[in-house]
Amino acid sequence: MGNGVQEQRGALKQGEVLPRDSSQSEDPKQTRSVLNSLLSGALAGAVAKTAVAPLDRTKIIFQVSSARFSATEVYWLIYRTYLKDGFFSLWRGNSATMVRVVPYAAIQFCAHEQYKGLLGGYFGFQGKALPPLPRLLAGSMAGTTAVIVTYPLDMVRARMAVTPKEMYSNILHVFVRISQEEGMKTLYRGFTPTILGVVPYAGLSFFTYETLKKLHAEKSGRPKPYVIEHMAFGACAGVISQTASYPLDVVRRRMQTAGVTGHTYGTIIGTMREIVAEEGVIRGLFKGLSMNWVKGPITVGISFTTFDLTQSLLAKLHQMGYTAR
């Protein structure tokens with residue numbers, strides 16, 4: 001075998017190269033694609049969540065309390081927090097958010113790219129835009145995959161957001177205290193409504209964004225939108241997806257923080273009934289939604305825009321490196 005290769009090499013003329021094995025060239029390409037998606041997704045999640053962290057923390061505080069929500073109350077809560085604990089206290093719990101969001105966003109975006117490829121191959125649309133149903137399914141599957149892997153970190157973030165600094169000193173302290181005082185299964189309290197909520201949220205989010213990009217390319221003739229157009233498409237995706245899944249998000253937060261708020265929420269239906277009985281449908285299950293209409297479009301817009309721009313940048317850097325060689 002070795003002699004055959006040597007003979008083949010000897011028969012090559014000057015300037016010719018051996019043909020590459022397609023399977024060998026595909027493996028590094030696939031690996032690079034996965035790594036690029038993970039890196040781009042991680043950066044997208046970190047930038048987007050840090051930008052809206054004060055609003056996110058304020059929203060969680062209202063979600064888990066029976067206090068009436070209004071723009072005025074939001075302002076005074078943020079202002080009192082600033083006066084009492086300082087400017088950076090508005091980002092309290094953001095370290096836990098980053099620990100969760102970075103892997104969550106990385107896994108979600110990477111999984112979405114992989115599911116798009118798999119579903120494209122299955123339905124005969126490999127390398128093309130998916131039809132509506134597979135497009136929706138790819139987003140839902142990506143969100144579900146990310147939640148399953150990172151859920152305990154979301155639980156920790158919710159606890160840190162609604163408790164004073166004296167109760168939990170850091171992320172590890174939250175894990176230790178919950179495990180010792182409430183049991184390990186508490187780390188997955190609220191998991192079911194999270195999964196039920198992420199299916200429409202992630203599905204509609206990716207579906208809306210991908211659909212708007214597809215329609216834009218067809219109408220404008222430009223395959224890649226401008227940055228402001230990326231932001232607009234992401235904002236639309238954020239409004240639609242967060243509105244559809246918001247009641248389950250409220251239920252999830254109530255169940256996650258039950259151990260520190262004095263309530264004993266046990267089931268999804270029971271939690272919903274208690275919220276509606278005490279606060280009503282709109283003021284209970286949709287409490288803080290108007291804030292999400294401000295925060296959500298910004299978050300999703302920044303996230304999708306950062307992901308696409310980072311993907312493009314990494315592709316250009318790779319091309320430049322390849323060309324240089």
# chains A, B, ... in the order shown; residues from 1 in each chain; ligands from 1
>>> residues_around(residues="A:Leu43", least_positions_apart="5", cutoff="9 Å", atoms="only C-alpha atoms", output="list in words")
Leu38, Ala48, Val102, Ala105, Ala106, Ser303, Thr306, Phe307 and Thr310 of chain A
>>> residues_around(residues="stretch 54-63 of chain A", least_positions_apart="2", cutoff="8 Å", atoms="only C-alpha atoms", output="ChimeraX atom specification")
/A:52,65-69,74,77-78,90-93,158,161-162,250,253-254,287-288,291-292,295
>>> write_last_selection(atoms="N, CA, C and O atoms", output="mmCIF file, in the first residue's frame")
data_model
loop_
_atom_site.group_PDB
_atom_site.id
_atom_site.type_symbol
_atom_site.label_atom_id
_atom_site.label_comp_id
_atom_site.auth_asym_id
_atom_site.auth_seq_id
_atom_site.Cartn_x
_atom_site.Cartn_y
_atom_site.Cartn_z
ATOM 1 N N VAL A 52 -29.601 43.868 28.991
ATOM 2 C CA VAL A 52 -30.931 44.071 29.597
ATOM 3 C C VAL A 52 -31.017 43.509 31.017
ATOM 4 O O VAL A 52 -32.107 43.351 31.551
ATOM 5 N N SER A 65 -43.786 38.104 43.003
ATOM 6 C CA SER A 65 -44.477 38.763 44.105
ATOM 7 C C SER A 65 -45.910 39.072 43.689
ATOM 8 O O SER A 65 -46.277 38.973 42.518
ATOM 9 N N SER A 66 -46.726 39.451 44.676
ATOM 10 C CA SER A 66 -48.108 39.817 44.386
ATOM 11 C C SER A 66 -48.279 41.322 44.233
ATOM 12 O O SER A 66 -49.401 41.820 44.128
ATOM 13 N N ALA A 67 -47.174 42.063 44.231
ATOM 14 C CA ALA A 67 -47.229 43.520 44.069
ATOM 15 C C ALA A 67 -47.741 43.882 42.679
ATOM 16 O O ALA A 67 -47.447 43.195 41.696
ATOM 17 N N ARG A 68 -48.511 44.949 42.608
ATOM 18 C CA ARG A 68 -49.072 45.365 41.333
ATOM 19 C C ARG A 68 -47.983 45.915 40.426
ATOM 20 O O ARG A 68 -47.123 46.685 40.864
ATOM 21 N N PHE A 69 -48.053 45.554 39.158
ATOM 22 C CA PHE A 69 -47.035 45.977 38.198
ATOM 23 C C PHE A 69 -47.475 47.230 37.463
ATOM 24 O O PHE A 69 -48.617 47.349 37.025
ATOM 25 N N VAL A 74 -41.962 50.033 38.452
ATOM 26 C CA VAL A 74 -40.682 49.557 37.915
ATOM 27 C C VAL A 74 -39.597 50.604 38.147
ATOM 28 O O VAL A 74 -38.493 50.294 38.611
ATOM 29 N N LEU A 77 -38.700 50.833 41.881
ATOM 30 C CA LEU A 77 -37.958 49.657 42.331
ATOM 31 C C LEU A 77 -36.491 49.758 41.894
ATOM 32 O O LEU A 77 -35.572 49.514 42.687
ATOM 33 N N ILE A 78 -36.257 50.118 40.646
ATOM 34 C CA ILE A 78 -34.883 50.272 40.153
ATOM 35 C C ILE A 78 -34.171 51.395 40.903
ATOM 36 O O ILE A 78 -33.004 51.255 41.308
ATOM 37 N N LEU A 90 -27.816 46.565 40.288
ATOM 38 C CA LEU A 90 -28.828 46.336 39.252
ATOM 39 C C LEU A 90 -28.470 45.118 38.392
ATOM 40 O O LEU A 90 -29.328 44.568 37.707
ATOM 41 N N TRP A 91 -27.204 44.745 38.430
ATOM 42 C CA TRP A 91 -26.746 43.563 37.692
ATOM 43 C C TRP A 91 -26.542 42.364 38.626
ATOM 44 O O TRP A 91 -25.901 41.402 38.259
ATOM 45 N N ARG A 92 -27.121 42.441 39.848
ATOM 46 C CA ARG A 92 -27.000 41.313 40.775
ATOM 47 C C ARG A 92 -27.616 40.071 40.149
ATOM 48 O O ARG A 92 -28.713 40.097 39.620
ATOM 49 N N GLY A 93 -26.909 38.969 40.248
ATOM 50 C CA GLY A 93 -27.372 37.730 39.636
ATOM 51 C C GLY A 93 -26.927 37.587 38.189
ATOM 52 O O GLY A 93 -27.129 36.529 37.585
ATOM 53 N N ALA A 158 -32.577 32.622 39.229
ATOM 54 C CA ALA A 158 -33.841 33.141 39.748
ATOM 55 C C ALA A 158 -33.751 33.375 41.251
ATOM 56 O O ALA A 158 -34.225 34.393 41.770
ATOM 57 N N ALA A 161 -31.685 36.469 42.010
ATOM 58 C CA ALA A 161 -32.329 37.712 41.584
ATOM 59 C C ALA A 161 -33.336 38.229 42.600
ATOM 60 O O ALA A 161 -33.557 39.433 42.694
ATOM 61 N N VAL A 162 -33.953 37.319 43.382
ATOM 62 C CA VAL A 162 -35.045 37.746 44.273
ATOM 63 C C VAL A 162 -34.662 37.720 45.746
ATOM 64 O O VAL A 162 -35.510 37.962 46.606
ATOM 65 N N VAL A 250 -44.134 32.921 33.912
ATOM 66 C CA VAL A 250 -44.534 33.363 35.248
ATOM 67 C C VAL A 250 -44.663 32.164 36.183
ATOM 68 O O VAL A 250 -44.173 32.177 37.327
ATOM 69 N N ARG A 253 -41.241 30.846 37.203
ATOM 70 C CA ARG A 253 -40.557 31.662 38.205
ATOM 71 C C ARG A 253 -41.175 31.462 39.592
ATOM 72 O O ARG A 253 -40.460 31.410 40.593
ATOM 73 N N ARG A 254 -42.496 31.363 39.654
ATOM 74 C CA ARG A 254 -43.147 31.146 40.951
ATOM 75 C C ARG A 254 -42.695 29.812 41.561
ATOM 76 O O ARG A 254 -42.423 29.730 42.767
ATOM 77 N N LYS A 287 -48.238 39.386 34.255
ATOM 78 C CA LYS A 287 -47.559 40.460 34.994
ATOM 79 C C LYS A 287 -46.141 40.654 34.458
ATOM 80 O O LYS A 287 -45.365 39.699 34.361
ATOM 81 N N GLY A 288 -45.829 41.899 34.123
ATOM 82 C CA GLY A 288 -44.496 42.198 33.612
ATOM 83 C C GLY A 288 -44.352 42.023 32.114
ATOM 84 O O GLY A 288 -43.270 42.238 31.563
ATOM 85 N N MET A 291 -43.096 45.004 30.199
ATOM 86 C CA MET A 291 -41.646 45.170 30.297
ATOM 87 C C MET A 291 -40.936 44.252 29.307
ATOM 88 O O MET A 291 -39.922 44.612 28.717
ATOM 89 N N ASN A 292 -41.497 43.055 29.122
ATOM 90 C CA ASN A 292 -40.915 42.131 28.153
ATOM 91 C C ASN A 292 -41.036 42.658 26.729
ATOM 92 O O ASN A 292 -40.223 42.326 25.870
ATOM 93 N N LYS A 295 -37.981 44.813 26.812
ATOM 94 C CA LYS A 295 -36.760 44.029 26.990
ATOM 95 C C LYS A 295 -36.603 42.940 25.934
ATOM 96 O O LYS A 295 -35.507 42.743 25.397
#
>>> atom_distance(atom1="atom CA of A:Ala111", atom2="atom CA of A:His230")
20.5 Å
>>> closest_residue(among="A:Glu229, A:Glu218, A:Asp249, A:Glu166", to="A:Pro193", atoms="only C-alpha atoms")
A:Asp249
>>> select_by_dssp(residues="stretch 89-322 of chain A", states="helix (DSSP H, G or I)", output="PyMOL selection string")
chain A and resi 89-91+94-123+132-162+171-181+184-188+191-220+227-256+258-261+268-279+281-285+289-322
>>> residues_around(residues="A:Met155", least_positions_apart="3", cutoff="7 Å", atoms="only C-alpha atoms", output="mmCIF file with all heavy atoms, in the first residue's frame")
data_model
loop_
_atom_site.group_PDB
_atom_site.id
_atom_site.type_symbol
_atom_site.label_atom_id
_atom_site.label_comp_id
_atom_site.auth_asym_id
_atom_site.auth_seq_id
_atom_site.Cartn_x
_atom_site.Cartn_y
_atom_site.Cartn_z
ATOM 1 N N TYR A 151 -30.778 23.709 32.843
ATOM 2 C CA TYR A 151 -31.866 24.176 33.711
ATOM 3 C C TYR A 151 -31.448 24.519 35.150
ATOM 4 O O TYR A 151 -31.889 25.548 35.679
ATOM 5 C CB TYR A 151 -33.016 23.169 33.753
ATOM 6 C CG TYR A 151 -34.181 23.711 34.538
ATOM 7 C CD1 TYR A 151 -35.052 24.629 33.976
ATOM 8 C CD2 TYR A 151 -34.389 23.352 35.869
ATOM 9 C CE1 TYR A 151 -36.090 25.183 34.698
ATOM 10 C CE2 TYR A 151 -35.433 23.893 36.603
ATOM 11 C CZ TYR A 151 -36.283 24.797 36.013
ATOM 12 O OH TYR A 151 -37.303 25.352 36.731
ATOM 13 N N PRO A 152 -30.643 23.707 35.850
ATOM 14 C CA PRO A 152 -30.290 24.062 37.236
ATOM 15 C C PRO A 152 -29.663 25.452 37.365
ATOM 16 O O PRO A 152 -29.854 26.138 38.372
ATOM 17 C CB PRO A 152 -29.297 22.963 37.634
ATOM 18 C CG PRO A 152 -29.686 21.802 36.788
ATOM 19 C CD PRO A 152 -30.087 22.397 35.470
ATOM 20 N N ALA A 158 -32.577 32.622 39.229
ATOM 21 C CA ALA A 158 -33.841 33.141 39.748
ATOM 22 C C ALA A 158 -33.751 33.375 41.251
ATOM 23 O O ALA A 158 -34.225 34.393 41.770
ATOM 24 C CB ALA A 158 -34.976 32.169 39.423
ATOM 25 N N ARG A 159 -33.111 32.446 41.971
ATOM 26 C CA ARG A 159 -32.968 32.600 43.420
ATOM 27 C C ARG A 159 -32.116 33.825 43.757
ATOM 28 O O ARG A 159 -32.436 34.593 44.657
ATOM 29 C CB ARG A 159 -32.330 31.345 44.027
ATOM 30 C CG ARG A 159 -33.270 30.157 44.151
ATOM 31 C CD ARG A 159 -34.394 30.445 45.135
ATOM 32 N NE ARG A 159 -35.299 29.315 45.262
ATOM 33 C CZ ARG A 159 -35.172 28.352 46.165
ATOM 34 N NH1 ARG A 159 -34.163 28.374 47.019
ATOM 35 N NH2 ARG A 159 -36.055 27.379 46.218
ATOM 36 N N LEU A 187 -33.599 21.720 42.462
ATOM 37 C CA LEU A 187 -32.879 22.346 41.354
ATOM 38 C C LEU A 187 -33.634 22.197 40.040
ATOM 39 O O LEU A 187 -33.367 22.924 39.076
ATOM 40 C CB LEU A 187 -31.477 21.745 41.222
ATOM 41 C CG LEU A 187 -30.505 22.053 42.364
ATOM 42 C CD1 LEU A 187 -29.229 21.243 42.212
ATOM 43 C CD2 LEU A 187 -30.180 23.548 42.396
ATOM 44 N N GLN A 256 -39.923 28.145 40.886
ATOM 45 C CA GLN A 256 -38.488 28.174 41.186
ATOM 46 C C GLN A 256 -38.186 28.862 42.514
ATOM 47 O O GLN A 256 -37.272 28.467 43.231
ATOM 48 C CB GLN A 256 -37.734 28.894 40.058
ATOM 49 C CG GLN A 256 -37.562 28.084 38.791
ATOM 50 C CD GLN A 256 -36.834 28.866 37.725
ATOM 51 O OE1 GLN A 256 -36.862 30.101 37.711
ATOM 52 N NE2 GLN A 256 -36.184 28.176 36.812
#
>>> atom_distance(atom1="atom CA of A:Phe206", atom2="atom CA of A:Gly190")
23.6 Å
>>> residues_around(residues="A:Val276", least_positions_apart="4", cutoff="12 Å", atoms="only C-alpha atoms", output="compact mmCIF listing (two decimals) with C-alpha atoms, in the first residue's frame")
# COMPACT_ATOMS: atom_id res chain seq x y z
CA SER A 66 -48.11 39.82 44.39
CA PRO A 247 -47.82 32.76 31.27
CA VAL A 250 -44.53 33.36 35.25
CA VAL A 251 -45.49 29.89 36.50
CA ILE A 269 -52.25 23.84 37.04
CA GLY A 270 -52.26 24.44 40.81
CA THR A 271 -49.83 27.34 40.46
CA MET A 272 -51.91 28.89 37.68
CA GLY A 280 -56.43 37.66 38.16
CA VAL A 281 -55.51 36.45 34.67
CA ILE A 282 -54.01 39.61 33.16
CA ARG A 283 -52.39 41.02 36.32
CA GLY A 284 -51.19 37.59 37.40
CA LEU A 285 -50.24 35.40 34.45
CA PHE A 286 -49.20 38.36 32.27
CA LYS A 287 -47.56 40.46 34.99
>>> atom_distance(atom1="atom CA of A:Ser241", atom2="atom CA of A:Val101")
17.9 Å
>>> residues_around(residues="A:Glu182", least_positions_apart="6", cutoff="12 Å", atoms="only C-alpha atoms", output="VMD selection string")
chain A and resid 174 to 176 188 to 189 256 to 260
>>> write_last_selection(atoms="N, CA, C and O atoms", output="mmCIF file, in the first residue's frame")
data_model
loop_
_atom_site.group_PDB
_atom_site.id
_atom_site.type_symbol
_atom_site.label_atom_id
_atom_site.label_comp_id
_atom_site.auth_asym_id
_atom_site.auth_seq_id
_atom_site.Cartn_x
_atom_site.Cartn_y
_atom_site.Cartn_z
ATOM 1 N N VAL A 174 -25.498 29.062 46.482
ATOM 2 C CA VAL A 174 -26.903 28.768 46.171
ATOM 3 C C VAL A 174 -27.094 27.265 45.990
ATOM 4 O O VAL A 174 -28.016 26.663 46.549
ATOM 5 N N PHE A 175 -26.222 26.650 45.210
ATOM 6 C CA PHE A 175 -26.310 25.205 44.988
ATOM 7 C C PHE A 175 -26.227 24.430 46.306
ATOM 8 O O PHE A 175 -27.012 23.506 46.555
ATOM 9 N N VAL A 176 -25.262 24.811 47.146
ATOM 10 C CA VAL A 176 -25.049 24.099 48.408
ATOM 11 C C VAL A 176 -26.261 24.234 49.328
ATOM 12 O O VAL A 176 -26.759 23.242 49.868
ATOM 13 N N TYR A 188 -34.579 21.240 39.981
ATOM 14 C CA TYR A 188 -35.374 21.053 38.762
ATOM 15 C C TYR A 188 -36.842 21.409 38.988
ATOM 16 O O TYR A 188 -37.691 21.054 38.186
ATOM 17 N N ARG A 189 -37.120 22.149 40.064
ATOM 18 C CA ARG A 189 -38.495 22.608 40.292
ATOM 19 C C ARG A 189 -38.857 23.634 39.213
ATOM 20 O O ARG A 189 -38.111 24.565 38.959
ATOM 21 N N GLN A 256 -39.923 28.145 40.886
ATOM 22 C CA GLN A 256 -38.488 28.174 41.186
ATOM 23 C C GLN A 256 -38.186 28.862 42.514
ATOM 24 O O GLN A 256 -37.272 28.467 43.231
ATOM 25 N N THR A 257 -38.940 29.904 42.823
ATOM 26 C CA THR A 257 -38.639 30.727 44.003
ATOM 27 C C THR A 257 -39.572 30.442 45.175
ATOM 28 O O THR A 257 -39.574 31.188 46.156
ATOM 29 N N ALA A 258 -40.334 29.365 45.091
ATOM 30 C CA ALA A 258 -41.298 29.050 46.148
ATOM 31 C C ALA A 258 -40.623 28.885 47.507
ATOM 32 O O ALA A 258 -41.165 29.249 48.545
ATOM 33 N N GLY A 259 -39.401 28.362 47.513
ATOM 34 C CA GLY A 259 -38.705 28.118 48.774
ATOM 35 C C GLY A 259 -38.319 29.364 49.533
ATOM 36 O O GLY A 259 -38.080 29.299 50.746
ATOM 37 N N VAL A 260 -38.280 30.521 48.866
ATOM 38 C CA VAL A 260 -37.871 31.749 49.552
ATOM 39 C C VAL A 260 -38.979 32.802 49.593
ATOM 40 O O VAL A 260 -38.786 33.885 50.133
#
>>> residues_around(residues="A:Leu204", least_positions_apart="2", cutoff="10 Å", atoms="only C-alpha atoms", output="PyMOL selection string")
chain A and resi 135-137+139-140+198-202+206-210+237-242+244-245
